[in-house]
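Participant: Have a look at the structure that comes next, please.
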Amino acid sequence: MPSTLTLSAGPLFLVLGLPERGMPEILAFGRGAAAPDFWPDVPRSSRINGMDVDVPSAVLSPVAGLGAFGWPAIAGHRDGRDFLLDFAGWTARRDGATTRLAASDAVAGLDIEIAITVSDAGVFGLSTRLTSVKDGVYTLDRCMAGSFLLPSGEAVATRFAGMWGREFQIRRHTLAPGLTLQESRRGRTSHDRQPYLGVSVGDVRFAFHLGWSGNHRIAVDTLDDGRRLVHLGALFEPGEIRLQKGDSYQSPVAYAAWDAAALHAFVRAEILSWPGGAMSPRPVMLNTWEGNYFDHKLEELKAQADAAAALGIERFVLDDGWFGRRDDDTSSLGDWTVDRRKYPDGLKPLVDHVTSLGMQFGLWFEPEMVNEDSDLYRAHPDWALKVEGRPFLRARHQQVLDLTRPEVADYLFDRLSAVLGSLAVSYVKWDMNRDITHAGGADGRAVTDAQTRAVHALMARVRAAFPHVEIESCASGGGRTDYGALANTQRVWTSDGTDALERLEIQRGASLFLPPEIMGAHVSANPNHQTGRTLSLTFRALVALAYHLGVELNPLDMTAAERTELAGFIALHKRLRPLLHAPGANFNLDPRDGRYVWGAATAEHAAVFVAQGPSMIAEQPEPLVVRLPGAPDRRWRIAAAHGDCPSGFFRMSDGQTRLLSGEMAFSAAALASAGLPLPMQRPETAILLELVPAG
C-alpha cells in the first residue's frame, strides 16, 4: 500500500508519497510543509487528453516510461534496450539522520537507493545510488543526485557568472517556462558556472548546491501545473559510466537550504573537519606568491619572515617555485623535490626559521599536474590524461595526471608524504591551474567522473596520514569551491584577483554559500598585480578584514609607515576575530548605489563594514539599515569608527559627528527600519563601525 513519509531539517520539511510502483511523489517541500490528508485517494493528475491512469509529475528523480513527459533525472540503456524504468517495492529505512528509500526494476535489472539526509542546520542532502543486477552492461547516461520541488509563480534565479580573477559574480534572472539548463564541462567546479542555484518565488526562497568538484548539470524543469523541479547532478561524457552486473554508481550529494545562514551553519557543523576536532582561530597568513613569484632567495625569505612576524602574521606560506628547476611555469610540475640551486640545504633552514618566530609554515603544491619539461613526464608520458589521435592541448604549459591509475596516485602520495613527513609543515596550498579537456584513461574511455573521485580520495589520504595539516582548496583561485572539496580542506582561496575593489563583489557572491572564516582574503600590493589599480592600504585592509585574513605582498617593500598601519589592522582583526567568525553572526547585504555593507553581529557586539566602490549616483546616501540580534528596544551606540573616518566622507554635519563618536544612542528597531544617516562616502573608501549596547 502507498505510504507517506515526512522528514524535517530544522524549519524545512519534505513530504513524500511512496507508491507501489513508479517514483516517490513529492507531496510538499518548504518551511512548515505538511502532508496532504487527501493523498493518495485524490491524485493531482487531471490531464484532459493524457494518460488513462494518474501520472504524478512532481516526483523524486523522474524517469521515462511512466507517462510524465518532463526532463528525466535518470536515463540509460543496455545497448539501446531497457531504456524505460519502472521501480517497484519501495521501502524506507532510517539510519540516524539519513533515510534510505529503496526499490528495484526487475526488467531493466537495476536497484535504486535514494539517501535523504537531514541536518538541524536546516539543510537537506539527497544522493542516488544505482546498482546493476542483470547480466550485460548498463550504460548510464544521466543520474542526478536528487530533485527538489519549487512552488508555481514567477521565480527569480540567482547564479554565478565569472572568470579567472572575477569569480562569484552574482546574476539574477527570471526563470522562463520550460527547461532551464546549466552545464559545466571544465573538470573542476569552474570559475564561470558554479554548481549553485538560488531561487525566490514570492517570499519563498531556496538555495541549492551540488557538492561536486567535477563536471556538473543543474536543470530546472517546469511541470504541467506550473510548479518546478530542480535537479542537480554530475555530468558524464558519452559512455563514461558503464555498469556491469554488481557495479554501482553513487552520485554526489545535492543540498537544499532556506538561505545562506543555513548553508553556513551546515558547512561548519557537517562538512568541515578540523585538526584536533575544532576550529582554532584562523591564523593571519602571508603568502609569498605576489611578493616573490618564482624568485626564491633564502636570506631574503628569512627577512620577509622576520618582517611578517613583526606585523603580527601567524602563518608563512611558501608558494610556487621551491621544487625541481622551477624558474617559471614551464617546467618541473610533478618533480616534488627541493630545488637545491635555491635551497642548498633543503627547506629545513627556512622552515626552522619561520617556526622559531612563532609562525606556522605552509607550502604550495599542484599535485594533479605535470609539465612536459619534467623528470616525471620524461619517465612516464603515459601518465597524462589524453585521447589517442586527438590534439594534445596545453594550458599553462601543463598536462593533467591520470589519478585514476593507482600507480599515479601512489606516486603523488609518496612525494607529498616525503615532504610533509620530513618538515614541520602545518598547511598545504593545494592548487589546480587548468581545466580538463581530454580526460581519457589508459583504455581510451572518458574518466572525468573517476578523476574527480580520485582527487578527493588523494586529498582524504593525505589528510588521514597528516591530520595536523590543513589544506587550502585553490584552483586558479576559486575554480574548485564546493562542499565535496571542503570535506577534506579547511580554506578556499576565493580568487586570484586580489584587487580590493573587485573583491567586494567576489566575496559577496561567495558568501552566499561559504562562511567567512574559510574564505581567503588577502591585502595585496600597490598597484594591484592583476588590474594595475592603486588603492589605499586602509581600503585594501578593511575589504579583507572580516574573512580569513592574509597578506599577499613582500613586506620588505613597504615603508615603515605602511608596516605600522598594516600591523594595526592585523591587531584589529585579531581582536575582532571571535566576533567576525562567530557561528551565525555574519551578514552580507546587497550593494545599493555602489555601497557594500557586511559584517557580524551578536547580542553584545557588532562590526559593520561599509565600503563605497564607485561614486554614488544619488544626491544623498540611503540610511544604513542593519538588523541586530536581541530585543528591538535595546539601545546601541557606535563605540569606534575605524578606517576612512572622517577622511572618507565628503562632509559631515555636527549631528553625524556626534553619532559616529558614540554620543548618540539608537534602538535596534530604529537601526533596522529608519537606519543610520551616515555621510556620503568618497569612492574607494571604507569604514568599520563597532557597535555596542548603550549604557
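Within each chain, counting starts at residue 1; across the C-alpha cells, chains are named A, B, ... in the order shown, with ligands numbered 1 upward in that order.
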List the neighbours of A:Glu619 out to 12 Å using only C-alpha atoms; skip same-chain residues closer than 2 positions along the sequence, and give me the result as a list in words.
Facilitator: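 Near A:Glu619, the qualifying residues are Asp593, Ser615, Met616, Ile617, Pro621, Glu622, Phe650, Pro679, Met680 and Gln681 of chain A.
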Participant: Skip A:Glu604 itself and residues of its chain fewer than 4 positions away, then list as number ranges by chain all residues within 10 Å of it, counting only C-alpha atoms.
Facilitator: A: 579, 628-630, 636, 691-693
Participant: For stretch 94-111 of chain A, list every protein, DNA or RNA residue within 7 Å, evaluated using only C-alpha atoms, and leave out those in the same chain fewer than 2 positions away; present the list as a list in words.
Facilitator: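 The residues that qualify are Asp82, Leu85, Asp86, Phe87, Ala88, Gly89, Trp90, Thr91, Ala92, Glu113, Ile114, Ala115, Ile116, Thr117, Val118, Leu130, Thr131, Ser132, Val133 and Lys134 of chain A.
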Participant: Write out as a PyMOL selection string each polymer residue whose atoms come within 6 Å of A:Leu12, counting only C-alpha atoms; drop sequence neighbours fewer than 4 positions from it.
Facilitator: chain A and resi 8+30-31
Participant: Counting only C-alpha atoms, what is within 7 Å of A:Leu181, bar same-chain residues fewer than 6 positions away, as a ChimeraX atom specification?
Facilitator: /A:218-220
